[in-house]
Every structure is written in C-alpha cells, then in structure tokens.
Amino acid sequence: MRNENFFSVRMRASKDGAHENGGKHISGGELISTYDNLKNAVNFLLEKALTHTRGNPDFMQIQFELIEETITKLLPLHTATNEVESVQEGQILAVSLLMKSGVPKKSIERAFQLIDEYPNLRGAILVNIWNGERIDDRHEKGVRVSRMDWLTTNFEKWANYFTIPRSQRIKEALVLATKVNSHPATISELCWSDDPEYTTGYVASKNLGYQRITNLKEYGDEHGCRIFFVDGRSDIDSYIDYLEKLPIIVQWEEENAT
Ligand code: WAQ
Ligand code: MG
Ligand code: MG
Ligand code: MG
C-alpha cells in the first residue's frame with residue numbers, strides 16, 4: 001500500500017556560519033506532515049530554532065520531500081523515570097543500565113571519550129559494542145535520524161495514561177529512541193540534551209525500554225550526548241539507511257498498555 005502524500009520535513013540551524021563551515025549547532029528537527037499541514041510544520045520548525053536556548057541562529061535550512069516508502073507504525077518503548085540526586089549518581093546509573101543491555105564496560109568508557117572529542121555534534125555517534133570504536137564516518141555531523149513522528153493527540157493520550165509530562169521534548173526523544181531501538185542491530189542508546197537548561201537524559205534498549213535519568217549533566221552545560229551502541233557485525237550501510245530513511249509513526253492505544 002502506498003501512502004497518500006506524506007512529507008518528511010527537516011530543519012537545521014547554526015550560528016557563526018553554516019554547520020559545514022564550522023558554525024555552532026543550534027537546533028535540528030524532523031517531522032512527518034501531510035500536504036495540507038506543511039505550512040504549520042515548517043513554521044513549527046522555524047519557531048523551534050528561532051527561540052532556542054543555545055542561541056540565535058544566523059543560518060537555517062528547512063526542506064521537505066515526499067515520502068515514497070510505506071510508513072511503519074511502532075509502539076512507544078516502555079518508559080520509566082529514575083530520580084537521582086547528582087550527575088555522578090546519574091552517570092553511574094547510566095553505565096550500569098548500558099551494561100545490563102549488553103554493552104561491555106570497556107566500550108562504554110571508550111564511548112565517553114568519543115563524546116568529548118566531538119563537542120559540536122549534531123547527530124548520533126555509532127559505536128561498535130565489541131571494541132568501543134566509532135563505526136560511522138560522519139565526524140561532527142554524526143548520523144541524524146529522520147522520518148519519524150507521533151501525532152500530538154495520541155502522544156498526549158499516552159502521557160496522560162502514564163502520568164508523564166506532555167512535553168514536546170519527551171515526545172521527540174521517545175520517538176527517536178523507539179525508532180532506533182526497534183532495529184535489531186541496536187543494542188542500546190545513551191542520550192542527554194545539548195540544551196543548557198535540560199539535564200534529564202536516558203538510556204534506552206529493547207529489554208529495558210526508555211529509562212529516563214533526571215540528572216545526567218550539570219545545569220548550564222551545552223555539551224550533549226547521543227550514542228547508538230551497535231552490534232558491529234551488522235551491515236552498517238543498511239543500518240544508517242534505516243535510521244535516515246525508513247519512515248515510522250509511533251502510535252499507542254490504551255489496549256497496548258502493559
Ligand atoms: N538524530 C540523531 N541525533 C540527534 C537527533 C536526531 N534526529 N536529534 C538530536 N540528536 C543528537 C545531537 O547530537 C544533539 O546534540 C543531541 O542528540 C541532543 O539533542 O525528559 O533534548 O534534541 O525524557 O537536545 C532526552 C530526555 C532529551 C527527554 C534529549 O536532546 C526526557 C534532547 P537534543
Ligand atoms: Mg535540537
Ligand atoms: Mg531534539
Ligand atoms: Mg538540543
């Protein structure tokens with residue numbers, strides 16, 4: 001079955017020049033829109049970048065394109081919130097959750113070094129769980145997951161049911177984590193925001209679900225983190241193709257509650 005006119009809409013914004021000219025990453029965004037909603041979708045992404053706490057952009061690109069592929073529906077990952085008192089406690093919990101998901105400790109340590117090497121990252125770093133080495137060749141760009149969304153009305157129904165804040169940020173992060181972790185090559189994911197005021201991050205995996213951790217970095221810190229821990233024996237080109245191209249929509253109904 002072919003979709004009738006769904007569009008992938010993407011935005012990236014930077015300051016002191018475009019990303020490819022060394023500009024600072026300010027904001028990115030991706031969503032799926034019908035033709036009739038394109039004006040709202042573009043405006044939403046424009047607004048997101050113009051009001052960003054990382055600063056005012058002087059470069060922005062917004063583009064849309066027709067999605068040819070069939071859109072896959074996914075259930076959101078099971079979600080839990082872990083309250084921690086300090087960044088240190090949060091980081092220790094993150095490491096233990098990653099190990100529980102099957103990532104060897106040495107590879108986690110190597111991944112933390114990689115994050116320090118790319119302070120202006122705007123996508124994700126792909127790390128081979130077997131040796132801790134980076135397996136994409138995207139440098140500061142990283143791999144940007146795209147073609148994913150969740151209808152706000154359906155997200156709010158889910159959030160109300162589980163008493164989770166109805167925030168756009170949580171929606172975006174859970175959509176991304178659900179898409180990434182539904183691929184068999186993904187072993188686990190580690191993330192915290194590069195927005196200075198937002199300190200909650202998460203570890204996600206198939207078996208643990210979406211594990212929010214309330215304190216993963218110091219308030220005011222503009223260094224974010226997004227690492228996909230991958231089984232390096234997989235075909236990496238087709239994995240990246242899945243992340244960037246395969247369209248998915250998250251959808252939840254009360255009968256899916258567990
Ligand atoms: N694909 C790949 N990497 C991305 C994407 C994407 N679509 N979007 C963001 N990133 C990377 C990029 O390197 C950013 O610097 C970094 O992730 C952080 O992005 O309370 O807000 O959008 O449950 O700032 C998680 C917790 C919030 C939410 C994460 O990330 C909650 C967040 P941000
Ligand atoms: Mg952003
Ligand atoms: Mg985001
Ligand atoms: Mg951000």
# chains A, B, ... in the order shown; residues from 1 in each chain; ligands from 1

$ residues_around --residues "stretch 120-135 of chain A" --least-positions-apart "5" --cutoff "6 Å" --atoms "only C-alpha atoms" --output "PyMOL selection string"
chain A and resi 103+107+110+140-144+226-232

$ write_last_selection --atoms "all heavy atoms" --output "CSV table (one decimal), in the first residue's frame"
chain,number,residue,atom,x,y,z
A,103,VAL,N,26.2,-4.0,26.7
A,103,VAL,CA,27.4,-3.3,26.2
A,103,VAL,C,28.5,-3.5,27.2
A,103,VAL,O,28.4,-3.2,28.4
A,103,VAL,CB,27.1,-1.8,26.1
A,103,VAL,CG1,28.3,-1.1,25.4
A,103,VAL,CG2,25.8,-1.5,25.3
A,107,SER,N,33.8,-0.7,26.3
A,107,SER,CA,33.3,0.0,25.2
A,107,SER,C,32.5,1.3,25.6
A,107,SER,O,32.5,2.3,24.9
A,107,SER,CB,32.4,-0.9,24.3
A,107,SER,OG,33.1,-2.0,23.9
A,110,ARG,N,35.2,3.9,26.3
A,110,ARG,CA,35.7,4.4,25.0
A,110,ARG,C,34.7,5.4,24.5
A,110,ARG,O,35.0,6.5,23.9
A,110,ARG,CB,36.0,3.3,24.1
A,110,ARG,CG,36.4,3.7,22.7
A,110,ARG,CD,37.9,4.2,22.7
A,110,ARG,NE,38.2,4.9,21.4
A,110,ARG,CZ,38.4,6.2,21.2
A,110,ARG,NH1,38.4,7.0,22.2
A,110,ARG,NH2,38.7,6.6,20.0
A,140,GLU,N,31.6,15.6,13.0
A,140,GLU,CA,30.7,16.4,13.8
A,140,GLU,C,29.3,16.3,13.4
A,140,GLU,O,28.4,16.6,14.2
A,140,GLU,CB,31.1,17.9,13.7
A,140,GLU,CG,32.5,18.2,14.2
A,140,GLU,CD,32.6,18.4,15.8
A,140,GLU,OE1,31.6,18.3,16.4
A,140,GLU,OE2,33.7,18.5,16.3
A,141,LYS,N,29.0,15.9,12.2
A,141,LYS,CA,27.7,15.7,11.7
A,141,LYS,C,27.0,14.6,12.4
A,141,LYS,O,25.8,14.7,12.8
A,141,LYS,CB,27.7,15.6,10.2
A,141,LYS,CG,26.3,15.6,9.5
A,141,LYS,CD,26.4,15.5,8.0
A,141,LYS,CE,25.0,15.4,7.4
A,141,LYS,NZ,24.9,14.5,6.3
A,142,GLY,N,27.7,13.5,12.6
A,142,GLY,CA,27.0,12.3,13.1
A,142,GLY,C,26.0,11.8,12.2
A,142,GLY,O,25.8,12.2,11.0
A,143,VAL,N,25.2,10.8,12.6
A,143,VAL,CA,24.1,10.3,11.9
A,143,VAL,C,22.8,10.9,12.4
A,143,VAL,O,22.5,10.7,13.6
A,143,VAL,CB,24.0,8.8,11.9
A,143,VAL,CG1,22.8,8.2,11.2
A,143,VAL,CG2,25.3,8.2,11.4
A,144,ARG,N,22.0,11.6,11.6
A,144,ARG,CA,20.8,12.2,12.0
A,144,ARG,C,19.6,11.3,11.7
A,144,ARG,O,19.3,11.1,10.5
A,144,ARG,CB,20.7,13.6,11.3
A,144,ARG,CG,19.7,14.6,11.8
A,144,ARG,CD,20.2,15.4,13.0
A,144,ARG,NE,19.0,16.0,13.6
A,144,ARG,CZ,18.9,16.7,14.7
A,144,ARG,NH1,20.0,17.1,15.3
A,144,ARG,NH2,17.8,17.1,15.2
A,226,ARG,N,24.8,11.7,22.2
A,226,ARG,CA,23.9,10.8,21.6
A,226,ARG,C,24.7,9.6,21.0
A,226,ARG,O,25.4,9.9,20.0
A,226,ARG,CB,22.9,11.4,20.6
A,226,ARG,CG,21.7,10.5,20.4
A,226,ARG,CD,20.5,11.4,20.1
A,226,ARG,NE,19.3,11.1,20.8
A,226,ARG,CZ,18.3,12.0,21.0
A,226,ARG,NH1,18.5,13.2,20.8
A,226,ARG,NH2,17.2,11.6,21.6
A,227,ILE,N,24.7,8.5,21.7
A,227,ILE,CA,25.4,7.4,21.2
A,227,ILE,C,24.5,6.2,20.9
A,227,ILE,O,23.7,5.8,21.8
A,227,ILE,CB,26.5,7.0,22.2
A,227,ILE,CG1,27.5,8.1,22.5
A,227,ILE,CG2,27.3,5.7,21.7
A,227,ILE,CD1,28.4,7.9,23.6
A,228,PHE,N,24.6,5.6,19.8
A,228,PHE,CA,23.9,4.3,19.5
A,228,PHE,C,25.0,3.2,19.6
A,228,PHE,O,26.0,3.2,18.9
A,228,PHE,CB,23.3,4.3,18.1
A,228,PHE,CG,22.4,5.4,17.8
A,228,PHE,CD1,22.1,5.8,16.5
A,228,PHE,CD2,21.7,6.1,18.9
A,228,PHE,CE1,21.2,6.9,16.2
A,228,PHE,CE2,20.8,7.2,18.6
A,228,PHE,CZ,20.6,7.5,17.3
A,229,PHE,N,24.8,2.3,20.5
A,229,PHE,CA,25.7,1.2,20.7
A,229,PHE,C,25.1,0.1,19.8
A,229,PHE,O,24.0,-0.4,19.9
A,229,PHE,CB,25.7,0.7,22.1
A,229,PHE,CG,26.4,1.7,23.1
A,229,PHE,CD1,25.7,2.7,23.7
A,229,PHE,CD2,27.8,1.6,23.2
A,229,PHE,CE1,26.3,3.6,24.6
A,229,PHE,CE2,28.4,2.5,24.0
A,229,PHE,CZ,27.7,3.5,24.7
A,230,VAL,N,26.0,-0.4,18.8
A,230,VAL,CA,25.6,-1.2,17.7
A,230,VAL,C,26.4,-2.5,17.7
A,230,VAL,O,27.5,-2.5,18.0
A,230,VAL,CB,25.8,-0.4,16.4
A,230,VAL,CG1,25.4,-1.3,15.2
A,230,VAL,CG2,25.1,0.9,16.4
A,231,ASP,N,25.7,-3.6,17.3
A,231,ASP,CA,26.4,-4.8,17.1
A,231,ASP,C,27.2,-4.7,15.8
A,231,ASP,O,26.6,-4.6,14.7
A,231,ASP,CB,25.4,-6.0,16.9
A,231,ASP,CG,26.0,-7.3,16.7
A,231,ASP,OD1,27.3,-7.3,16.4
A,231,ASP,OD2,25.4,-8.3,16.9
A,232,GLY,N,28.5,-4.5,15.9
A,232,GLY,CA,29.3,-4.2,14.8
A,232,GLY,C,29.4,-5.3,13.7
A,232,GLY,O,30.0,-5.0,12.6

$ residues_around --residues "A:Leu190" --least-positions-apart "2" --cutoff "12 Å" --atoms "only C-alpha atoms" --output "PyMOL selection string"
chain A and resi 90-91+93-99+101+103+108+111-112+115+124-127+173+176-177+180-181+186-188+192-193+200-205+210-213+216+224-230

$ residues_near_ligand --ligand "ligand 4" --cutoff "9 Å" --atoms "only C-alpha atoms and all ligand atoms" --output "JSON, numbers by chain"
{"A": [25, 26, 27, 28, 52, 53, 54, 122, 192, 193, 194, 195, 196, 198, 222, 224]}

$ write_last_selection --atoms "N, CA, C and O atoms" --output "PDB file, in the first residue's frame"
ATOM      1  N   HIS A  25      26.261  24.366  16.220  1.00  0.00           N
ATOM      2  CA  HIS A  25      24.927  23.795  16.060  1.00  0.00           C
ATOM      3  C   HIS A  25      23.965  24.419  17.082  1.00  0.00           C
ATOM      4  O   HIS A  25      24.257  24.464  18.270  1.00  0.00           O
ATOM      5  N   ILE A  26      22.830  24.916  16.597  1.00  0.00           N
ATOM      6  CA  ILE A  26      21.817  25.478  17.497  1.00  0.00           C
ATOM      7  C   ILE A  26      20.646  24.516  17.657  1.00  0.00           C
ATOM      8  O   ILE A  26      20.300  24.140  18.772  1.00  0.00           O
ATOM      9  N   SER A  27      20.057  24.102  16.559  1.00  0.00           N
ATOM     10  CA  SER A  27      18.841  23.295  16.656  1.00  0.00           C
ATOM     11  C   SER A  27      18.641  22.460  15.400  1.00  0.00           C
ATOM     12  O   SER A  27      19.055  22.852  14.304  1.00  0.00           O
ATOM     13  N   GLY A  28      18.006  21.324  15.579  1.00  0.00           N
ATOM     14  CA  GLY A  28      17.615  20.498  14.442  1.00  0.00           C
ATOM     15  C   GLY A  28      16.227  19.956  14.719  1.00  0.00           C
ATOM     16  O   GLY A  28      15.767  19.934  15.858  1.00  0.00           O
ATOM     17  N   HIS A  52      15.667  29.207  20.403  1.00  0.00           N
ATOM     18  CA  HIS A  52      16.439  28.160  21.072  1.00  0.00           C
ATOM     19  C   HIS A  52      17.371  28.715  22.146  1.00  0.00           C
ATOM     20  O   HIS A  52      17.966  29.775  21.980  1.00  0.00           O
ATOM     21  N   THR A  53      17.493  27.968  23.261  1.00  0.00           N
ATOM     22  CA  THR A  53      18.354  28.441  24.365  1.00  0.00           C
ATOM     23  C   THR A  53      19.848  28.330  24.051  1.00  0.00           C
ATOM     24  O   THR A  53      20.668  28.874  24.783  1.00  0.00           O
ATOM     25  N   ARG A  54      20.231  27.628  22.956  1.00  0.00           N
ATOM     26  CA  ARG A  54      21.653  27.572  22.596  1.00  0.00           C
ATOM     27  C   ARG A  54      22.097  28.842  21.870  1.00  0.00           C
ATOM     28  O   ARG A  54      23.296  29.021  21.625  1.00  0.00           O
ATOM     29  N   ARG A 122      25.965  17.164  15.985  1.00  0.00           N
ATOM     30  CA  ARG A 122      24.549  17.454  15.724  1.00  0.00           C
ATOM     31  C   ARG A 122      23.745  16.216  15.354  1.00  0.00           C
ATOM     32  O   ARG A 122      22.549  16.296  15.068  1.00  0.00           O
ATOM     33  N   TRP A 192      21.832  12.628  26.358  1.00  0.00           N
ATOM     34  CA  TRP A 192      21.371  13.791  27.102  1.00  0.00           C
ATOM     35  C   TRP A 192      21.446  14.993  26.179  1.00  0.00           C
ATOM     36  O   TRP A 192      22.150  14.989  25.175  1.00  0.00           O
ATOM     37  N   SER A 193      20.676  16.020  26.515  1.00  0.00           N
ATOM     38  CA  SER A 193      20.496  17.159  25.620  1.00  0.00           C
ATOM     39  C   SER A 193      21.734  18.049  25.564  1.00  0.00           C
ATOM     40  O   SER A 193      22.522  18.095  26.502  1.00  0.00           O
ATOM     41  N   ASP A 194      21.860  18.776  24.465  1.00  0.00           N
ATOM     42  CA  ASP A 194      22.885  19.831  24.381  1.00  0.00           C
ATOM     43  C   ASP A 194      22.276  21.194  24.747  1.00  0.00           C
ATOM     44  O   ASP A 194      22.940  22.214  24.670  1.00  0.00           O
ATOM     45  N   ASP A 195      21.011  21.214  25.146  1.00  0.00           N
ATOM     46  CA  ASP A 195      20.382  22.471  25.579  1.00  0.00           C
ATOM     47  C   ASP A 195      20.805  22.730  27.029  1.00  0.00           C
ATOM     48  O   ASP A 195      20.667  21.839  27.874  1.00  0.00           O
ATOM     49  N   PRO A 196      21.347  23.929  27.325  1.00  0.00           N
ATOM     50  CA  PRO A 196      21.981  24.146  28.632  1.00  0.00           C
ATOM     51  C   PRO A 196      21.059  23.952  29.832  1.00  0.00           C
ATOM     52  O   PRO A 196      21.525  23.570  30.902  1.00  0.00           O
ATOM     53  N   TYR A 198      18.539  21.759  30.189  1.00  0.00           N
ATOM     54  CA  TYR A 198      17.837  20.482  30.299  1.00  0.00           C
ATOM     55  C   TYR A 198      18.790  19.359  30.700  1.00  0.00           C
ATOM     56  O   TYR A 198      19.637  18.940  29.916  1.00  0.00           O
ATOM     57  N   GLU A 222      26.528  22.939  27.793  1.00  0.00           N
ATOM     58  CA  GLU A 222      25.993  22.864  26.428  1.00  0.00           C
ATOM     59  C   GLU A 222      26.508  21.646  25.658  1.00  0.00           C
ATOM     60  O   GLU A 222      26.341  21.565  24.445  1.00  0.00           O
ATOM     61  N   GLY A 224      26.051  18.000  24.648  1.00  0.00           N
ATOM     62  CA  GLY A 224      25.072  16.922  24.602  1.00  0.00           C
ATOM     63  C   GLY A 224      25.736  15.589  24.323  1.00  0.00           C
ATOM     64  O   GLY A 224      26.958  15.509  24.164  1.00  0.00           O
TER      65      GLY A 224
END

$ residues_around --residues "A:Met148" --least-positions-apart "2" --cutoff "9 Å" --atoms "only C-alpha atoms" --output "list in words"
Ser8, Glu30, Leu31, Ile32, Val145, Ser146, Trp150, Glu172, Val175, Leu176, Lys179, Leu246, Pro247, Ile248, Ile249 and Val250 of chain A

$ write_last_selection --atoms "N, CA, C and O atoms" --output "mmCIF file, in the first residue's frame"
data_model
loop_
_atom_site.group_PDB
_atom_site.id
_atom_site.type_symbol
_atom_site.label_atom_id
_atom_site.label_comp_id
_atom_site.auth_asym_id
_atom_site.auth_seq_id
_atom_site.Cartn_x
_atom_site.Cartn_y
_atom_site.Cartn_z
ATOM 1 N N SER A 8 8.390 14.278 4.554
ATOM 2 C CA SER A 8 9.408 14.424 5.588
ATOM 3 C C SER A 8 9.844 15.888 5.597
ATOM 4 O O SER A 8 10.182 16.440 4.549
ATOM 5 N N GLU A 30 12.942 17.190 12.908
ATOM 6 C CA GLU A 30 12.424 16.406 11.811
ATOM 7 C C GLU A 30 11.029 15.937 12.169
ATOM 8 O O GLU A 30 10.774 15.563 13.303
ATOM 9 N N LEU A 31 10.147 16.003 11.201
ATOM 10 C CA LEU A 31 8.788 15.520 11.430
ATOM 11 C C LEU A 31 8.162 15.041 10.133
ATOM 12 O O LEU A 31 8.755 15.172 9.055
ATOM 13 N N ILE A 32 6.972 14.484 10.247
ATOM 14 C CA ILE A 32 6.229 13.991 9.089
ATOM 15 C C ILE A 32 4.927 14.783 8.999
ATOM 16 O O ILE A 32 4.257 14.990 10.014
ATOM 17 N N VAL A 145 18.911 10.878 12.703
ATOM 18 C CA VAL A 145 17.735 10.031 12.472
ATOM 19 C C VAL A 145 16.592 10.920 12.007
ATOM 20 O O VAL A 145 16.379 12.011 12.550
ATOM 21 N N SER A 146 15.867 10.463 11.014
ATOM 22 C CA SER A 146 14.841 11.300 10.404
ATOM 23 C C SER A 146 13.611 10.467 10.059
ATOM 24 O O SER A 146 13.574 9.267 10.314
ATOM 25 N N TRP A 150 4.972 11.423 15.876
ATOM 26 C CA TRP A 150 3.925 10.878 16.745
ATOM 27 C C TRP A 150 2.847 11.953 16.794
ATOM 28 O O TRP A 150 3.141 13.096 17.181
ATOM 29 N N GLU A 172 9.669 13.970 21.253
ATOM 30 C CA GLU A 172 10.712 13.827 20.219
ATOM 31 C C GLU A 172 11.745 12.778 20.604
ATOM 32 O O GLU A 172 12.169 11.968 19.775
ATOM 33 N N VAL A 175 10.215 9.213 20.451
ATOM 34 C CA VAL A 175 10.045 8.801 19.049
ATOM 35 C C VAL A 175 11.380 8.314 18.493
ATOM 36 O O VAL A 175 11.481 7.229 17.906
ATOM 37 N N LEU A 176 12.420 9.109 18.716
ATOM 38 C CA LEU A 176 13.746 8.731 18.211
ATOM 39 C C LEU A 176 14.212 7.414 18.835
ATOM 40 O O LEU A 176 14.632 6.491 18.127
ATOM 41 N N LYS A 179 12.329 4.424 17.416
ATOM 42 C CA LYS A 179 12.779 4.050 16.067
ATOM 43 C C LYS A 179 14.135 3.352 16.124
ATOM 44 O O LYS A 179 14.321 2.271 15.563
ATOM 45 N N LEU A 246 13.931 5.214 6.693
ATOM 46 C CA LEU A 246 12.692 4.443 6.868
ATOM 47 C C LEU A 246 11.671 5.231 7.681
ATOM 48 O O LEU A 246 11.935 5.591 8.825
ATOM 49 N N PRO A 247 10.501 5.524 7.117
ATOM 50 C CA PRO A 247 9.531 6.347 7.852
ATOM 51 C C PRO A 247 8.765 5.541 8.908
ATOM 52 O O PRO A 247 8.279 4.442 8.618
ATOM 53 N N ILE A 248 8.667 6.103 10.097
ATOM 54 C CA ILE A 248 7.904 5.451 11.166
ATOM 55 C C ILE A 248 7.015 6.468 11.893
ATOM 56 O O ILE A 248 7.342 7.649 12.000
ATOM 57 N N ILE A 249 5.892 5.957 12.361
ATOM 58 C CA ILE A 249 4.995 6.753 13.204
ATOM 59 C C ILE A 249 4.791 5.968 14.502
ATOM 60 O O ILE A 249 4.535 4.761 14.460
ATOM 61 N N VAL A 250 4.938 6.634 15.633
ATOM 62 C CA VAL A 250 4.635 5.982 16.904
ATOM 63 C C VAL A 250 3.134 6.120 17.146
ATOM 64 O O VAL A 250 2.553 7.190 16.928
#

$ select_by_dssp --residues "stretch 114-235 of chain A" --states "alpha helix (DSSP H)" --output "MDAnalysis selection string"
chainID A and resid 114:117 152:161 168:181

$ closest_residue --among "A:Lys217, A:Lys24, A:Lys100, A:Lys48" --to "ligand 2" --atoms "only C-alpha atoms and all ligand atoms"
A:Lys48

$ closest_residue --among "A:Leu151, A:Val87, A:Leu243, A:Leu114" --to "A:Thr199" --atoms "only C-alpha atoms"
A:Val87

$ closest_residue --among "A:Gly209, A:Pro184, A:Gly102, A:Pro165" --to "A:Thr79" --atoms "only C-alpha atoms"
A:Gly209

$ residues_around --residues "A:Phe155" --least-positions-apart "3" --cutoff "12 Å" --atoms "only C-alpha atoms" --output "list of chain:residue names"
A:Leu75, A:Pro76, A:Asp149, A:Trp150, A:Leu151, A:Thr152, A:Trp158, A:Ala159, A:Asn160, A:Tyr161, A:Phe162, A:Thr163, A:Ile164, A:Pro165, A:Arg166, A:Ser167, A:Gln168, A:Arg169, A:Ile170, A:Lys171, A:Glu172, A:Leu174, A:Val175, A:Ile249, A:Val250, A:Gln251, A:Trp252, A:Glu253, A:Glu254

$ residues_around --residues "A:Lys39" --least-positions-apart "3" --cutoff "12 Å" --atoms "only C-alpha atoms" --output "PyMOL selection string"
chain A and resi 7+9+33-36+42-46+62-64

$ decode --residues "stretch 42-52 of chain A" --atoms "all heavy atoms" --output "PDB file, in the first residue's frame"
ATOM      1  N   VAL A  42       6.477  23.633   8.772  1.00  0.00           N
ATOM      2  CA  VAL A  42       7.643  24.491   8.519  1.00  0.00           C
ATOM      3  C   VAL A  42       7.705  25.589   9.578  1.00  0.00           C
ATOM      4  O   VAL A  42       8.773  25.886  10.124  1.00  0.00           O
ATOM      5  CB  VAL A  42       7.568  25.091   7.091  1.00  0.00           C
ATOM      6  CG1 VAL A  42       8.590  26.195   6.904  1.00  0.00           C
ATOM      7  CG2 VAL A  42       7.760  23.997   6.054  1.00  0.00           C
ATOM      8  N   ASN A  43       6.562  26.147   9.899  1.00  0.00           N
ATOM      9  CA  ASN A  43       6.508  27.215  10.898  1.00  0.00           C
ATOM     10  C   ASN A  43       6.919  26.716  12.284  1.00  0.00           C
ATOM     11  O   ASN A  43       7.616  27.407  13.040  1.00  0.00           O
ATOM     12  CB  ASN A  43       5.109  27.814  10.941  1.00  0.00           C
ATOM     13  CG  ASN A  43       5.113  29.170  11.603  1.00  0.00           C
ATOM     14  OD1 ASN A  43       5.944  30.002  11.283  1.00  0.00           O
ATOM     15  ND2 ASN A  43       4.208  29.372  12.549  1.00  0.00           N
ATOM     16  N   PHE A  44       6.497  25.501  12.593  1.00  0.00           N
ATOM     17  CA  PHE A  44       6.858  24.897  13.878  1.00  0.00           C
ATOM     18  C   PHE A  44       8.377  24.756  13.998  1.00  0.00           C
ATOM     19  O   PHE A  44       8.970  25.094  15.038  1.00  0.00           O
ATOM     20  CB  PHE A  44       6.175  23.520  14.011  1.00  0.00           C
ATOM     21  CG  PHE A  44       6.593  22.766  15.225  1.00  0.00           C
ATOM     22  CD1 PHE A  44       5.983  22.992  16.446  1.00  0.00           C
ATOM     23  CD2 PHE A  44       7.634  21.843  15.163  1.00  0.00           C
ATOM     24  CE1 PHE A  44       6.389  22.311  17.589  1.00  0.00           C
ATOM     25  CE2 PHE A  44       8.048  21.157  16.303  1.00  0.00           C
ATOM     26  CZ  PHE A  44       7.427  21.392  17.509  1.00  0.00           C
ATOM     27  N   LEU A  45       9.018  24.273  12.952  1.00  0.00           N
ATOM     28  CA  LEU A  45      10.477  24.073  12.997  1.00  0.00           C
ATOM     29  C   LEU A  45      11.213  25.415  12.992  1.00  0.00           C
ATOM     30  O   LEU A  45      12.247  25.576  13.647  1.00  0.00           O
ATOM     31  CB  LEU A  45      10.923  23.203  11.818  1.00  0.00           C
ATOM     32  CG  LEU A  45      10.440  21.740  11.886  1.00  0.00           C
ATOM     33  CD1 LEU A  45      10.786  20.992  10.596  1.00  0.00           C
ATOM     34  CD2 LEU A  45      11.050  21.015  13.095  1.00  0.00           C
ATOM     35  N   LEU A  46      10.671  26.381  12.255  1.00  0.00           N
ATOM     36  CA  LEU A  46      11.240  27.736  12.240  1.00  0.00           C
ATOM     37  C   LEU A  46      11.243  28.329  13.643  1.00  0.00           C
ATOM     38  O   LEU A  46      12.256  28.805  14.154  1.00  0.00           O
ATOM     39  CB  LEU A  46      10.400  28.612  11.297  1.00  0.00           C
ATOM     40  CG  LEU A  46      10.767  30.087  11.164  1.00  0.00           C
ATOM     41  CD1 LEU A  46      12.117  30.243  10.476  1.00  0.00           C
ATOM     42  CD2 LEU A  46       9.693  30.827  10.368  1.00  0.00           C
ATOM     43  N   GLU A  47      10.092  28.228  14.303  1.00  0.00           N
ATOM     44  CA  GLU A  47       9.912  28.734  15.661  1.00  0.00           C
ATOM     45  C   GLU A  47      10.867  28.038  16.637  1.00  0.00           C
ATOM     46  O   GLU A  47      11.479  28.675  17.500  1.00  0.00           O
ATOM     47  CB  GLU A  47       8.457  28.456  16.066  1.00  0.00           C
ATOM     48  CG  GLU A  47       8.019  29.028  17.393  1.00  0.00           C
ATOM     49  CD  GLU A  47       7.677  30.499  17.312  1.00  0.00           C
ATOM     50  OE1 GLU A  47       7.397  30.993  16.200  1.00  0.00           O
ATOM     51  OE2 GLU A  47       7.710  31.143  18.372  1.00  0.00           O
ATOM     52  N   LYS A  48      10.997  26.721  16.483  1.00  0.00           N
ATOM     53  CA  LYS A  48      11.868  25.945  17.370  1.00  0.00           C
ATOM     54  C   LYS A  48      13.292  26.501  17.340  1.00  0.00           C
ATOM     55  O   LYS A  48      13.928  26.674  18.375  1.00  0.00           O
ATOM     56  CB  LYS A  48      11.856  24.470  16.929  1.00  0.00           C
ATOM     57  CG  LYS A  48      12.721  23.557  17.784  1.00  0.00           C
ATOM     58  CD  LYS A  48      12.703  22.115  17.298  1.00  0.00           C
ATOM     59  CE  LYS A  48      13.542  21.242  18.224  1.00  0.00           C
ATOM     60  NZ  LYS A  48      13.689  19.861  17.747  1.00  0.00           N
ATOM     61  N   ALA A  49      13.779  26.786  16.152  1.00  0.00           N
ATOM     62  CA  ALA A  49      15.175  27.255  16.029  1.00  0.00           C
ATOM     63  C   ALA A  49      15.334  28.720  16.425  1.00  0.00           C
ATOM     64  O   ALA A  49      16.358  29.107  16.992  1.00  0.00           O
ATOM     65  CB  ALA A  49      15.663  27.043  14.606  1.00  0.00           C
ATOM     66  N   LEU A  50      14.310  29.538  16.129  1.00  0.00           N
ATOM     67  CA  LEU A  50      14.444  30.984  16.409  1.00  0.00           C
ATOM     68  C   LEU A  50      14.410  31.288  17.901  1.00  0.00           C
ATOM     69  O   LEU A  50      14.875  32.345  18.327  1.00  0.00           O
ATOM     70  CB  LEU A  50      13.314  31.768  15.715  1.00  0.00           C
ATOM     71  CG  LEU A  50      13.384  31.857  14.198  1.00  0.00           C
ATOM     72  CD1 LEU A  50      12.196  32.651  13.664  1.00  0.00           C
ATOM     73  CD2 LEU A  50      14.694  32.502  13.743  1.00  0.00           C
ATOM     74  N   THR A  51      13.857  30.380  18.696  1.00  0.00           N
ATOM     75  CA  THR A  51      13.699  30.630  20.135  1.00  0.00           C
ATOM     76  C   THR A  51      14.554  29.681  20.971  1.00  0.00           C
ATOM     77  O   THR A  51      14.238  29.371  22.104  1.00  0.00           O
ATOM     78  CB  THR A  51      12.221  30.443  20.546  1.00  0.00           C
ATOM     79  OG1 THR A  51      11.815  29.110  20.188  1.00  0.00           O
ATOM     80  CG2 THR A  51      11.317  31.440  19.864  1.00  0.00           C
ATOM     81  N   HIS A  52      15.667  29.207  20.403  1.00  0.00           N
ATOM     82  CA  HIS A  52      16.439  28.160  21.072  1.00  0.00           C
ATOM     83  C   HIS A  52      17.371  28.715  22.146  1.00  0.00           C
ATOM     84  O   HIS A  52      17.966  29.775  21.980  1.00  0.00           O
ATOM     85  CB  HIS A  52      17.252  27.380  20.035  1.00  0.00           C
ATOM     86  CG  HIS A  52      17.515  25.982  20.447  1.00  0.00           C
ATOM     87  ND1 HIS A  52      18.507  25.654  21.343  1.00  0.00           N
ATOM     88  CD2 HIS A  52      16.900  24.831  20.127  1.00  0.00           C
ATOM     89  CE1 HIS A  52      18.492  24.349  21.526  1.00  0.00           C
ATOM     90  NE2 HIS A  52      17.521  23.822  20.801  1.00  0.00           N
TER      91      HIS A  52
END
